[in-house]
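The next block holds one structure in the form of structure tokens; read it before the comments.
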Amino acid sequence: MPLTKLWLLFSLASPTAQPHAPDSLLPSRLRVDGDTVLLDVRGALERGRPWQASRLVAPVLADSSRRSAAAVYLAATAASQWKGWREVGRLLEGEQWLDTLFNGRGRILLARSALEARQDSAALVHALAASPAAEPATDAERLVLLARALERTGARDSAAATYRRAAERVPAVADWLWL
């Protein structure tokens, strides 16, 4: 099953799932410090318009005085939703805030970006660096990325154990993860 279908299953399994997956990717307290452009970017993501969000945030990223962690995170989230995984990697690689802001979702996006680019060792490094999440669905996503990276690097026993841990977090997709 492709990773995209798995993310859909996780979003549907989440008790707080909304019609658009972006809500689960945007921390509720994402500070945009009154920047109306970033508010518009967030709104475009919440309406399921990632390409529009990418176009809106581009001038902010290009201006070093306006570029912020929130702008980079929103841009990476938007790119992930239109499957621009190379762009996600380009945006997030080397960012110092990956593990401290936005509930660690930046690190998860970076791990997924590496997996999509078939950079399995890098994906493993990022998935191992990602902190456990408080939300079961988000933590299961982290664990599935880790399991995929372990599987691709030949650590099949560890991958199986990690898939089992993910299955415990989201019973709605546990059957698939047990396979």
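Labels for the structure tokens follow display order: chains A, B, ..., residues from 1 in each chain, ligands from 1.
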
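Look at A:Leu150: the protein and nucleic acid residues within 10 Å of it, using only C-alpha atoms and passing over chain neighbours fewer than 2 places away, are Asp120, Ser121, Ala123, Leu124, Ala127, Leu128, Val144, Leu145, Leu146, Ala147, Arg148, Arg152, Thr153, Gly154, Ala155, Arg156, Asp157, Ser158, Ala159, Ala160 and Thr162 of chain A.
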
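In terms of minimum interatomic distance to A:Asp175, A:Tyr163 ranks closest within A:Trp51, A:Tyr163, A:Trp97, A:Trp85, counting only C-alpha atoms.
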
Pairwise distance for atom CA of A:Val41 and atom CA of A:Ala78, rounded to one decimal in Å: 8.7 Å

Contact residues around A:Ala76 with only C-alpha atoms at 12 Å, ignoring same-chain residues under 3 positions, as a count of residues only: 43

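Distance check against A:Ala117 using only C-alpha atoms: of A:Ala133, A:Leu177, A:Ala149, A:Ala166, the minimum falls on A:Ala149.
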
Sel. of alpha helix (DSSP H) residues, stretch 97-172 of chain A, as a PyMOL selection string: chain A and resi 105-116+120-129+136-152+156-169

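Going from atom CA of A:Leu39 over to atom CA of A:Phe102, you cover 15.9 Å.
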
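Across A:Gln96, A:Ser64, A:Pro171, A:Ala44, the tightest approach to A:Thr77 is made by A:Ala44 when counting only C-alpha atoms.
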